[in-house]
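> Hey, dropping run06.txt in here, compact mmCIF, C-alpha atoms:
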```txt
# COMPACT_ATOMS: atom_id res chain seq x y z
CA MET A 14 -14.07 11.72 8.88
CA THR A 15 -16.89 11.97 11.40
CA LEU A 16 -17.29 15.71 10.76
CA MET A 17 -17.64 15.05 7.02
CA GLY A 18 -21.06 13.64 7.85
CA PHE A 19 -22.16 17.04 9.15
CA VAL A 20 -21.06 19.25 6.25
CA ARG A 21 -23.68 21.29 4.43
CA SER A 22 -21.66 22.89 1.64
CA TYR A 23 -18.88 22.06 -0.80
CA PRO A 24 -16.27 24.35 0.89
CA GLN A 25 -16.97 22.62 4.20
CA LEU A 26 -16.50 19.22 2.55
CA VAL A 27 -13.19 20.28 1.00
CA ALA A 28 -11.94 21.62 4.35
CA MET A 29 -12.82 18.40 6.19
CA ARG A 30 -11.29 16.27 3.45
CA PHE A 31 -8.07 18.30 3.64
CA LEU A 32 -7.87 17.80 7.40
CA LEU A 33 -8.54 14.09 6.99
CA GLY A 34 -5.76 13.76 4.43
CA ALA A 35 -3.32 15.70 6.62
CA ALA A 36 -4.14 13.52 9.62
CA GLU A 37 -3.75 10.19 7.85
CA ALA A 38 -0.79 11.06 5.58
CA GLY A 39 1.83 9.51 7.84
CA PHE A 40 -0.24 6.56 8.97
CA TYR A 41 0.74 3.93 6.39
CA PRO A 42 4.50 4.67 6.22
CA GLY A 43 4.49 4.96 10.01
CA VAL A 44 3.01 1.49 10.40
CA VAL A 45 5.49 0.03 7.89
CA PHE A 46 8.38 1.57 9.83
CA TYR A 47 6.88 0.31 13.09
CA LEU A 48 6.71 -3.25 11.74
CA SER A 49 10.29 -3.03 10.44
CA MET A 50 11.44 -2.42 14.02
CA TRP A 51 9.94 -5.75 15.09
CA TYR A 52 10.53 -8.19 12.21
CA PRO A 53 13.57 -9.22 10.12
CA LYS A 54 13.65 -8.77 6.35
CA TYR A 55 12.08 -12.03 5.30
CA LYS A 56 9.30 -11.91 7.83
CA LEU A 57 8.40 -8.27 7.21
CA LEU A 58 6.46 -8.37 3.95
CA TYR A 59 3.88 -10.83 5.24
CA ARG A 60 3.16 -8.49 8.18
CA ILE A 61 2.91 -5.48 5.86
CA ALA A 62 0.48 -7.46 3.71
CA LEU A 63 -1.63 -8.36 6.72
CA PHE A 64 -1.90 -4.68 7.53
CA THR A 65 -2.47 -3.61 3.93
CA GLY A 66 -4.92 -6.47 3.52
CA ALA A 67 -7.08 -4.68 6.03
CA ALA A 68 -7.59 -2.04 3.31
CA GLY A 69 -8.74 -4.74 0.92
CA ALA A 70 -11.03 -6.20 3.56
CA ALA A 71 -12.30 -2.70 4.29
CA GLY A 72 -13.04 -2.28 0.60
CA ALA A 73 -15.14 -5.41 0.68
CA PHE A 74 -16.81 -4.56 3.97
CA SER A 75 -17.34 -0.88 3.14
CA GLY A 76 -19.35 -1.73 0.03
CA LEU A 77 -21.65 -3.93 2.09
CA LEU A 78 -21.68 -1.46 4.97
CA ALA A 79 -22.44 1.46 2.66
CA TYR A 80 -25.40 -0.44 1.30
CA ILE A 81 -26.74 -1.14 4.81
CA ILE A 82 -26.08 2.33 6.23
CA GLY A 83 -27.58 3.89 3.13
CA LEU A 84 -30.91 2.48 4.30
CA MET A 85 -30.71 4.98 7.17
CA ASN A 86 -31.55 7.80 4.78
CA ASN A 87 -33.43 10.65 6.56
CA VAL A 88 -32.83 9.15 10.01
CA GLY A 89 -32.23 12.09 12.33
CA HIS A 90 -32.60 14.41 9.34
CA PHE A 91 -29.34 13.11 7.87
CA GLU A 92 -28.98 11.55 4.45
CA GLY A 93 -27.60 8.03 4.10
CA TRP A 94 -24.16 9.17 2.91
CA SER A 95 -23.81 11.35 6.03
CA TRP A 96 -24.39 8.36 8.28
CA ILE A 97 -21.64 6.45 6.43
CA PHE A 98 -19.06 9.07 7.44
CA ILE A 99 -20.41 9.48 10.97
CA ILE A 100 -20.51 5.78 11.86
CA GLN A 101 -17.21 4.84 10.24
CA GLY A 102 -15.51 7.88 11.77
CA LEU A 103 -16.75 7.06 15.27
CA ALA A 104 -15.53 3.47 14.88
CA THR A 105 -12.08 4.78 13.96
CA ILE A 106 -12.01 7.05 17.01
CA VAL A 107 -12.84 4.17 19.35
CA ILE A 108 -10.15 1.93 17.82
CA CYS A 109 -7.54 4.70 18.07
CA LEU A 110 -8.30 5.26 21.75
CA VAL A 111 -7.81 1.56 22.42
CA ALA A 112 -4.60 1.43 20.35
CA ALA A 113 -3.12 4.34 22.32
CA PHE A 114 -3.09 2.13 25.41
CA VAL A 115 -2.27 -1.20 23.74
CA LEU A 116 0.53 -0.49 21.24
CA VAL A 117 4.14 -0.27 22.44
CA ASP A 118 7.00 1.47 20.65
CA TYR A 119 9.77 -1.13 20.40
CA PRO A 120 10.41 -4.69 21.57
CA ASP A 121 12.61 -3.47 24.43
CA THR A 122 9.72 -1.38 25.79
CA ALA A 123 7.11 -4.15 25.53
CA LYS A 124 5.97 -5.11 29.01
CA PHE A 125 4.26 -8.25 27.74
CA LEU A 126 7.63 -9.72 26.64
CA SER A 127 10.08 -11.32 29.00
CA VAL A 128 13.75 -10.37 28.96
CA GLU A 129 14.58 -13.50 26.98
CA GLU A 130 11.80 -12.80 24.46
CA LYS A 131 12.96 -9.21 23.98
CA ARG A 132 16.49 -10.41 23.36
CA PHE A 133 15.28 -13.02 20.86
CA VAL A 134 13.21 -10.50 18.87
CA GLU A 135 16.10 -8.05 18.72
CA GLN A 136 18.63 -10.71 17.72
CA GLN A 137 16.37 -11.97 14.93
CA ARG A 138 15.89 -8.49 13.55
CA MET A 139 19.56 -7.53 13.82
CA LEU A 140 20.73 -10.61 11.91
CA ASP A 141 20.05 -8.83 8.62
CA VAL A 142 19.82 -5.15 9.58
CA GLU A 143 22.75 -2.76 9.81
CA GLY A 144 22.87 0.03 12.35
CA ASP A 145 22.43 3.68 11.51
CA GLY A 146 26.09 4.05 10.66
CA GLU A 147 28.10 7.24 10.96
CA GLY A 148 26.90 10.82 10.85
CA THR A 149 24.45 12.93 12.74
CA VAL A 150 20.72 12.25 12.82
CA ALA A 151 20.19 15.11 10.36
CA GLN A 152 22.71 13.60 7.93
CA ARG A 153 21.04 10.20 8.14
CA ILE A 154 17.66 11.78 7.45
CA LEU A 155 18.96 13.81 4.52
CA SER A 156 20.58 10.71 3.04
CA ALA A 157 17.09 9.36 2.30
CA PHE A 158 16.45 12.31 -0.03
CA THR A 159 19.52 11.51 -2.14
CA ASP A 160 19.17 7.72 -2.30
CA TRP A 161 18.16 6.48 -5.76
CA GLN A 162 16.22 3.60 -4.21
CA VAL A 163 13.69 5.92 -2.57
CA TRP A 164 12.67 7.69 -5.75
CA THR A 165 12.80 4.58 -7.91
CA MET A 166 10.61 2.62 -5.52
CA ALA A 167 8.35 5.66 -5.16
CA PHE A 168 7.69 5.52 -8.89
CA VAL A 169 7.11 1.76 -8.79
CA LEU A 170 4.59 2.30 -6.01
CA MET A 171 2.95 5.16 -7.90
CA SER A 172 2.61 2.94 -10.98
CA LEU A 173 0.47 0.68 -8.80
CA CYS A 174 -1.30 3.37 -6.76
CA VAL A 175 -2.65 5.34 -9.72
CA PRO A 176 -4.45 2.26 -11.14
CA ALA A 177 -5.50 1.19 -7.63
CA TYR A 178 -6.93 4.62 -6.81
CA GLY A 179 -8.60 4.77 -10.20
CA ILE A 180 -10.48 1.51 -9.78
CA THR A 181 -11.27 2.28 -6.12
CA PHE A 182 -12.75 5.68 -6.94
CA PHE A 183 -14.75 4.57 -9.93
CA LEU A 184 -15.51 0.88 -9.48
CA PRO A 185 -19.11 1.55 -8.34
CA THR A 186 -19.55 3.95 -11.29
CA ILE A 187 -18.12 1.43 -13.73
CA LEU A 188 -20.40 -1.27 -12.36
CA ASP A 189 -23.33 1.14 -12.49
CA ASN A 190 -22.66 1.53 -16.22
CA PHE A 191 -23.25 -2.21 -16.51
CA GLY A 192 -26.90 -1.39 -15.87
CA TYR A 193 -27.21 -2.05 -12.13
CA ASN A 194 -28.49 0.44 -9.57
CA VAL A 195 -26.18 1.98 -6.96
CA ALA A 196 -27.05 -0.53 -4.23
CA ILE A 197 -26.30 -3.58 -6.41
CA SER A 198 -23.14 -1.92 -7.72
CA GLN A 199 -21.92 -1.49 -4.13
CA LEU A 200 -22.57 -5.16 -3.38
CA LEU A 201 -20.72 -6.26 -6.54
CA THR A 202 -17.53 -4.65 -5.20
CA VAL A 203 -17.45 -7.02 -2.22
CA PRO A 204 -16.08 -10.19 -3.90
CA VAL A 205 -13.51 -8.10 -5.81
CA TYR A 206 -11.87 -6.85 -2.62
CA VAL A 207 -12.14 -10.23 -0.90
CA ALA A 208 -10.16 -11.78 -3.75
CA ALA A 209 -7.57 -8.97 -3.54
CA THR A 210 -7.08 -9.47 0.19
CA ILE A 211 -6.54 -13.22 -0.19
CA SER A 212 -4.09 -12.69 -3.06
CA MET A 213 -2.16 -9.99 -1.22
CA ILE A 214 -1.55 -12.05 1.89
CA SER A 215 -0.80 -15.29 0.01
CA VAL A 216 1.74 -13.67 -2.31
CA ALA A 217 3.47 -11.89 0.58
CA HIS A 218 3.81 -15.16 2.49
CA PHE A 219 5.30 -16.89 -0.56
CA SER A 220 7.65 -13.96 -1.24
CA ASP A 221 8.97 -14.08 2.33
CA THR A 222 9.38 -17.85 2.04
CA ILE A 223 11.61 -17.73 -1.05
CA ASN A 224 13.31 -14.43 -0.09
CA ILE A 225 12.64 -12.47 -3.27
CA ARG A 226 10.46 -9.50 -4.21
CA PHE A 227 10.62 -8.20 -7.77
CA PRO A 228 9.05 -11.15 -9.69
CA PHE A 229 5.89 -10.75 -7.63
CA ILE A 230 5.70 -7.05 -8.44
CA VAL A 231 6.17 -7.81 -12.14
CA VAL A 232 3.40 -10.41 -12.09
CA SER A 233 1.13 -8.03 -10.16
CA GLU A 234 1.70 -5.29 -12.75
CA PHE A 235 0.93 -7.73 -15.57
CA VAL A 236 -2.29 -8.88 -13.87
CA GLY A 237 -3.45 -5.31 -13.35
CA LEU A 238 -2.44 -4.42 -16.90
CA SER A 239 -4.50 -7.30 -18.28
CA GLY A 240 -7.52 -6.08 -16.35
CA TYR A 241 -7.28 -2.55 -17.73
CA ILE A 242 -6.79 -3.85 -21.27
CA ILE A 243 -10.05 -5.76 -20.87
CA GLN A 244 -11.78 -2.59 -19.64
CA ILE A 245 -10.66 -0.51 -22.61
CA THR A 246 -12.15 -2.99 -25.10
CA ASP A 247 -15.81 -3.41 -25.98
CA ALA A 248 -16.00 -6.80 -24.27
CA SER A 249 -19.19 -8.08 -22.69
CA MET A 250 -20.33 -7.06 -19.22
CA GLY A 251 -19.29 -10.37 -17.64
CA ILE A 252 -15.77 -10.20 -19.06
CA LYS A 253 -15.36 -6.61 -17.92
CA TYR A 254 -16.47 -7.57 -14.42
CA PHE A 255 -13.76 -10.24 -14.49
CA GLY A 256 -11.38 -7.50 -15.61
CA THR A 257 -12.13 -5.54 -12.45
CA PHE A 258 -11.01 -8.58 -10.45
CA LEU A 259 -7.68 -8.57 -12.29
CA ILE A 260 -7.17 -4.85 -11.73
CA VAL A 261 -7.87 -4.87 -8.00
CA VAL A 262 -6.06 -8.16 -7.34
CA GLY A 263 -3.00 -7.08 -9.35
CA THR A 264 -2.58 -3.56 -8.00
CA TYR A 265 -3.45 -4.34 -4.40
CA THR A 266 -1.07 -7.32 -4.36
CA GLY A 267 1.81 -5.30 -5.76
CA ILE A 268 1.52 -2.39 -3.31
CA PRO A 269 2.81 -4.13 -0.13
CA CYS A 270 5.49 -5.87 -2.19
CA SER A 271 6.92 -2.55 -3.41
CA VAL A 272 6.69 -0.94 0.04
CA GLY A 273 8.34 -3.96 1.66
CA TRP A 274 11.06 -4.03 -1.00
CA LEU A 275 12.24 -0.53 -0.09
CA ALA A 276 11.89 -1.15 3.66
CA ASN A 277 14.13 -4.22 3.26
CA ASN A 278 16.88 -2.31 1.45
CA LEU A 279 17.12 0.95 3.44
CA GLN A 280 19.57 0.52 6.29
CA GLY A 281 19.23 2.45 9.51
CA LYS A 282 16.00 3.37 11.27
CA TYR A 283 16.17 7.10 10.49
CA LYS A 284 16.76 6.62 6.80
CA ARG A 285 14.16 3.86 6.62
CA ALA A 286 11.54 6.00 8.36
CA VAL A 287 12.08 9.03 6.11
CA GLY A 288 12.57 6.99 2.94
CA GLY A 289 9.34 5.09 3.50
CA ALA A 290 7.45 8.33 4.07
CA LEU A 291 8.88 9.83 0.88
CA GLN A 292 7.95 6.73 -1.09
CA VAL A 293 4.37 6.56 0.12
CA GLY A 294 3.88 10.33 0.08
CA THR A 295 5.07 10.59 -3.52
CA ALA A 296 3.01 7.62 -4.64
CA ASN A 297 -0.11 9.05 -3.01
CA LEU A 298 0.01 11.88 -5.52
CA GLY A 299 -1.44 9.19 -7.75
CA GLY A 300 -4.75 9.86 -6.07
CA ILE A 301 -4.80 13.32 -7.63
CA ILE A 302 -4.09 11.84 -11.06
CA ALA A 303 -6.64 9.04 -10.73
CA SER A 304 -9.41 11.40 -9.64
CA SER A 305 -8.91 13.57 -12.72
CA ILE A 306 -8.67 11.11 -15.61
CA PHE A 307 -12.11 9.45 -15.46
CA ARG A 308 -14.17 12.26 -16.93
CA THR A 309 -17.96 12.23 -17.24
CA GLN A 310 -17.74 13.05 -20.95
CA ASP A 311 -15.82 9.78 -21.47
CA GLU A 312 -18.65 7.58 -20.15
CA PRO A 313 -19.36 4.74 -20.45
CA ARG A 314 -16.04 3.37 -21.75
CA PHE A 315 -13.60 5.84 -20.11
CA ILE A 316 -11.00 5.17 -22.80
CA LEU A 317 -8.74 8.08 -21.76
CA GLY A 318 -8.70 7.04 -18.11
CA PHE A 319 -8.04 3.38 -18.86
CA ALA A 320 -5.28 4.29 -21.34
CA ILE A 321 -3.47 6.40 -18.75
CA GLU A 322 -3.71 3.58 -16.21
CA ILE A 323 -2.23 1.18 -18.77
CA GLY A 324 0.62 3.62 -19.34
CA PHE A 325 1.47 3.80 -15.64
CA LEU A 326 1.50 0.01 -15.32
CA CYS A 327 3.77 -0.35 -18.34
CA MET A 328 6.22 2.22 -16.98
CA GLY A 329 6.12 0.48 -13.61
CA LEU A 330 7.05 -2.81 -15.22
CA ILE A 331 10.10 -1.25 -16.87
CA VAL A 332 11.30 0.51 -13.71
CA THR A 333 10.80 -2.65 -11.61
CA VAL A 334 12.95 -4.75 -13.94
CA LEU A 335 15.65 -2.06 -14.13
CA SER A 336 15.67 -1.77 -10.33
CA ALA A 337 16.10 -5.52 -9.93
CA TYR A 338 19.01 -5.41 -12.38
CA ALA A 339 20.62 -2.52 -10.47
CA TYR A 340 20.30 -4.42 -7.18
CA HIS A 341 21.79 -7.53 -8.81
CA ARG A 342 24.78 -5.55 -10.11
CA ALA A 343 25.31 -3.97 -6.69
CA ASN A 344 25.18 -7.37 -4.97
CA THR A 345 27.65 -8.85 -7.46
CA ALA A 346 30.09 -6.01 -6.78
CA ARG A 347 29.72 -6.40 -3.01
CA ILE A 348 30.29 -10.16 -3.17
CA ALA A 349 33.41 -9.68 -5.31
CA HIS A 350 34.73 -7.03 -2.92
CA ALA A 351 34.08 -9.24 0.11
CA SER A 352 35.77 -12.19 -1.58
CA THR A 353 38.83 -10.09 -2.34
CA ASP A 354 39.02 -8.88 1.25
CA GLY A 355 38.51 -12.38 2.66
CA ILE A 356 35.23 -11.50 4.38
CA SER A 357 33.03 -14.47 5.22
CA GLY A 358 29.59 -14.85 3.63
CA ALA A 359 27.81 -14.50 6.96
CA LYS A 360 29.41 -11.09 7.52
CA TYR A 361 28.73 -9.54 4.12
CA ALA A 362 25.26 -11.07 3.69
CA VAL A 363 23.77 -8.21 5.70
CA ASP A 364 25.07 -5.77 3.07
CA LEU A 365 23.33 -7.49 0.17
CA TYR A 366 20.19 -5.97 -1.31
CA VAL A 367 16.96 -7.90 -1.38
CA ILE A 368 15.98 -8.60 -4.98
```
For the file at hand, write its structure as structure tokens.


Amino acid sequence: MTLMGFVRSYPQLVAMRFLLGAAEAGFYPGVVFYLSMWYPKYKLLYRIALFTGAAGAAGAFSGLLAYIIGLMNNVGHFEGWSWIFIIQGLATIVICLVAAFVLVDYPDTAKFLSVEEKRFVEQQRMLDVEGDGEGTVAQRILSAFTDWQVWTMAFVLMSLCVPAYGITFFLPTILDNFGYNVAISQLLTVPVYVAATISMISVAHFSDTINIRFPFIVVSEFVGLSGYIIQITDASMGIKYFGTFLIVVGTYTGIPCSVGWLANNLQGKYKRAVGGALQVGTANLGGIIASSIFRTQDEPRFILGFAIEIGFLCMGLIVTVLSAYAYHRANTARIAHASTDGISGAKYAVDLYVI
């Protein structure tokens, strides 16, 4: 990111952006997997939301920061946008250097935990997590590619990511079409992302409390859908600004829920690590879609782009409901099988899918 501030041509910018994407591709699924090695099922989503909420907070802070750094235009013969990349990139480097010495891999390697604390963390996590099962490491990894859950949840996540990327990429442009200059448009994005961060963390906490996932994804899709429907109409500026709140709050809230849902239901650390990467990697293709559907010739209403976003959210709603039904059927079959075999509820509960 830092080097993007020094580019002087479009090919250089594309090269730096490619390297940035390659470097950060595994970051989010890696963090989700890391958290799943520390927390049990119904304490995991809240932690994922805290981490993902940092993206929402960054969205709020970056708008304000971009406005402030933009005032550095021509300082050191660099334009304001160059300083945005340079300063934010350097901050990331410093944080990464600190994290390299602070983060530990697993609870049993954490020096800051006592033996009793390590045992407690592991026991809590293992109460509802199966082992890796039989087979070689390669077989466990390959099993993630053939599991229906991975690809279904990847589509659910994509149905949220495409609208989220779309509004993230073009929110300042959309606000600029309301008649404000670039600086004011940047500042108007701040309360939108603050609201999304609060919603994301609150919903995750409530979902962990009642031990259920899919209703919150459905509601998130509906909220985002309502926001895009408002945008596609010829409503007033104030109502459309409210619609941007619904879009960002809905899509950002649903993303950690869908990621946590898959992490809860993939058993075994190898399968969970690869499955999470496949889910996030596939869903991130939504960034390519979102960057292509808001065309300049469609300004100021962007009807084509908004219509495509609405389509993704509708498809996501359908797949989410069907997935919940499939999990319910699978749980019913497992309970019946356990009852027939005389297995106690405590023993087969670990095999049940989170719904």

> Set the distance at 10 Å and use only C-alpha atoms: which residues neighbour range 153-163 of chain A once local chain neighbours fewer than 6 positions away are removed? I'd like the list as a list in words.

Asp145, Gly146, Glu147, Val169, Trp274, Leu275, Ala276, Asn278, Leu279, Gln280, Gly281, Lys282, Tyr283, Lys284, Arg285, Ala286, Val287, Gly288, Gly289, Ala290, Leu291, Gln292, Val293, Thr295, Ser336, Ala339 and Tyr340 of chain A

> Quick one: 4 Å padding each side, axis-aligned, all listed atoms of range 63-71 of chain A - centre and edge lengths in Å to one decimal, as lines of an AutoDock Vina configuration file?


```
center_x = -7.0
center_y = -5.2
center_z = 4.2
size_x = 18.7
size_y = 14.3
size_z = 14.6
```

> (-8.3, 5.4, -8.9) in this file's frame - what residues fall within 9 Å of it? Use all atoms listed in the file and give the answer as a count of residues only.

20

> Just the number, please: distance in Å from CA of Ile197 in chain A to CA of Asn86 in chain A, one decimal.

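So the answer is 16.8 Å.
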
> Would you mind listing what lies within 12 Å of range 251-253 of chain A as a list in words, with all atoms listed in the file counted and same-chain residues fewer than 4 positions away left out?

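Those residues are Leu184, Ile187, Leu188, Asn190, Phe191, Gly192, Leu201, Ser239, Gly240, Tyr241, Ile242, Ile243, Gln244, Ile245, Thr246, Asp247, Thr257, Phe258, Leu259, Ile260 and Arg314 of chain A.
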
> Using all atoms listed in the file, which of the listed residues (A:Ile223, A:Ser271, A:Leu365, A:Gln152) sits closest to His341 in chain A?

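Using all atoms listed in the file, the shortest distance to His341 in chain A belongs to A:Leu365.
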
> Might you pull out every residue within 7 Å of Val262 in chain A, with only C-alpha atoms counted and same-chain residues fewer than 5 positions away left off, and present them as a list in words?

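Using only C-alpha atoms, the neighbours found are Ala208, Ala209 and Ser212 of chain A.
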
> Given the choices A:Asp189, A:Gly263, A:Lys124, A:Ser352, which gets closest to Thr210 in chain A if the distance is worked out from only C-alpha atoms?

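Ranked by minimum distance to Thr210 in chain A, first place goes to A:Gly263.
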
> Between A:Trp96, A:Phe19, A:Phe319, A:Tyr206, which has the minimum distance to Leu238 in chain A (counting all atoms listed in the file)?

A:Phe319

> How many Å separate CA of Tyr55 in chain A from CA of Asn277 in chain A?

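Value for the CA of Tyr55 in chain A-CA of Asn277 in chain A distance: 8.3 Å.
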
> From the list A:Ile214, A:Val236, A:Met14, A:Leu84, which residue is nearest Leu173 in chain A when using only C-alpha atoms?

A:Val236

> Of the candidates A:Ile100, A:Ser49, A:Val367, A:Ile81, which shows the shortest atom-to-atom distance to Met17 in chain A, using only C-alpha atoms?

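Closest residue, counting only C-alpha atoms: A:Ile100.
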
> What does the distance between CA of Phe40 in chain A and CA of Gly294 in chain A come to in Å, to one decimal place?

10.5 Å

> Go ahead and find all residues with at least one atom no further than 9 Å from (-19.7, 2.4, 2.7) in the file's coordinates, using all atoms listed in the file; report them as a compact mmCIF listing (two decimals) with C-alpha atoms, in the coordinates of the input.


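Once written, selection27.txt looks like this:
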```txt
# COMPACT_ATOMS: atom_id res chain seq x y z
CA GLY A 72 -13.04 -2.28 0.60
CA PHE A 74 -16.81 -4.56 3.97
CA SER A 75 -17.34 -0.88 3.14
CA GLY A 76 -19.35 -1.73 0.03
CA LEU A 77 -21.65 -3.93 2.09
CA LEU A 78 -21.68 -1.46 4.97
CA ALA A 79 -22.44 1.46 2.66
CA TYR A 80 -25.40 -0.44 1.30
CA ILE A 81 -26.74 -1.14 4.81
CA ILE A 82 -26.08 2.33 6.23
CA GLY A 83 -27.58 3.89 3.13
CA TRP A 94 -24.16 9.17 2.91
CA ILE A 97 -21.64 6.45 6.43
CA PHE A 98 -19.06 9.07 7.44
CA GLN A 101 -17.21 4.84 10.24
CA GLN A 199 -21.92 -1.49 -4.13
```

> Since the input has fewer atoms than a full residue there, write range 298-305 of chain A out with all heavy atoms, as a short mmCIF file (atom, residue, chain, number, x, y, z; two decimals), in the frame of the given file.


```cif
data_model
loop_
_atom_site.label_atom_id
_atom_site.label_comp_id
_atom_site.auth_asym_id
_atom_site.auth_seq_id
_atom_site.Cartn_x
_atom_site.Cartn_y
_atom_site.Cartn_z
N LEU A 298 0.40 10.88 -4.53
CA LEU A 298 0.01 11.88 -5.52
C LEU A 298 -0.78 11.25 -6.65
O LEU A 298 -1.49 11.93 -7.39
CB LEU A 298 1.26 12.58 -6.07
CG LEU A 298 2.06 13.41 -5.07
CD1 LEU A 298 3.34 13.94 -5.73
CD2 LEU A 298 1.23 14.57 -4.54
N GLY A 299 -0.66 9.91 -6.75
CA GLY A 299 -1.44 9.19 -7.75
C GLY A 299 -2.93 9.35 -7.55
O GLY A 299 -3.71 9.23 -8.50
N GLY A 300 -3.33 9.64 -6.31
CA GLY A 300 -4.75 9.86 -6.07
C GLY A 300 -5.27 11.08 -6.79
O GLY A 300 -6.42 11.10 -7.26
N ILE A 301 -4.41 12.12 -6.90
CA ILE A 301 -4.80 13.32 -7.63
C ILE A 301 -4.96 13.00 -9.11
O ILE A 301 -5.92 13.44 -9.77
CB ILE A 301 -3.75 14.43 -7.44
CG1 ILE A 301 -3.62 14.77 -5.95
CG2 ILE A 301 -4.10 15.66 -8.26
CD1 ILE A 301 -2.52 15.76 -5.65
N ILE A 302 -4.02 12.21 -9.64
CA ILE A 302 -4.09 11.84 -11.06
C ILE A 302 -5.33 10.99 -11.32
O ILE A 302 -6.09 11.26 -12.26
CB ILE A 302 -2.82 11.07 -11.46
CG1 ILE A 302 -1.58 11.94 -11.25
CG2 ILE A 302 -2.91 10.59 -12.91
CD1 ILE A 302 -0.27 11.19 -11.43
N ALA A 303 -5.53 9.97 -10.50
CA ALA A 303 -6.64 9.04 -10.73
C ALA A 303 -7.99 9.72 -10.65
O ALA A 303 -8.93 9.34 -11.36
CB ALA A 303 -6.57 7.89 -9.72
N SER A 304 -8.11 10.73 -9.79
CA SER A 304 -9.41 11.40 -9.64
C SER A 304 -9.71 12.36 -10.77
O SER A 304 -10.83 12.87 -10.86
CB SER A 304 -9.43 12.17 -8.31
OG SER A 304 -8.46 13.21 -8.31
N SER A 305 -8.73 12.58 -11.65
CA SER A 305 -8.91 13.57 -12.72
C SER A 305 -9.05 12.96 -14.11
O SER A 305 -9.40 13.67 -15.06
CB SER A 305 -7.72 14.54 -12.73
OG SER A 305 -7.54 15.14 -11.46
#
```
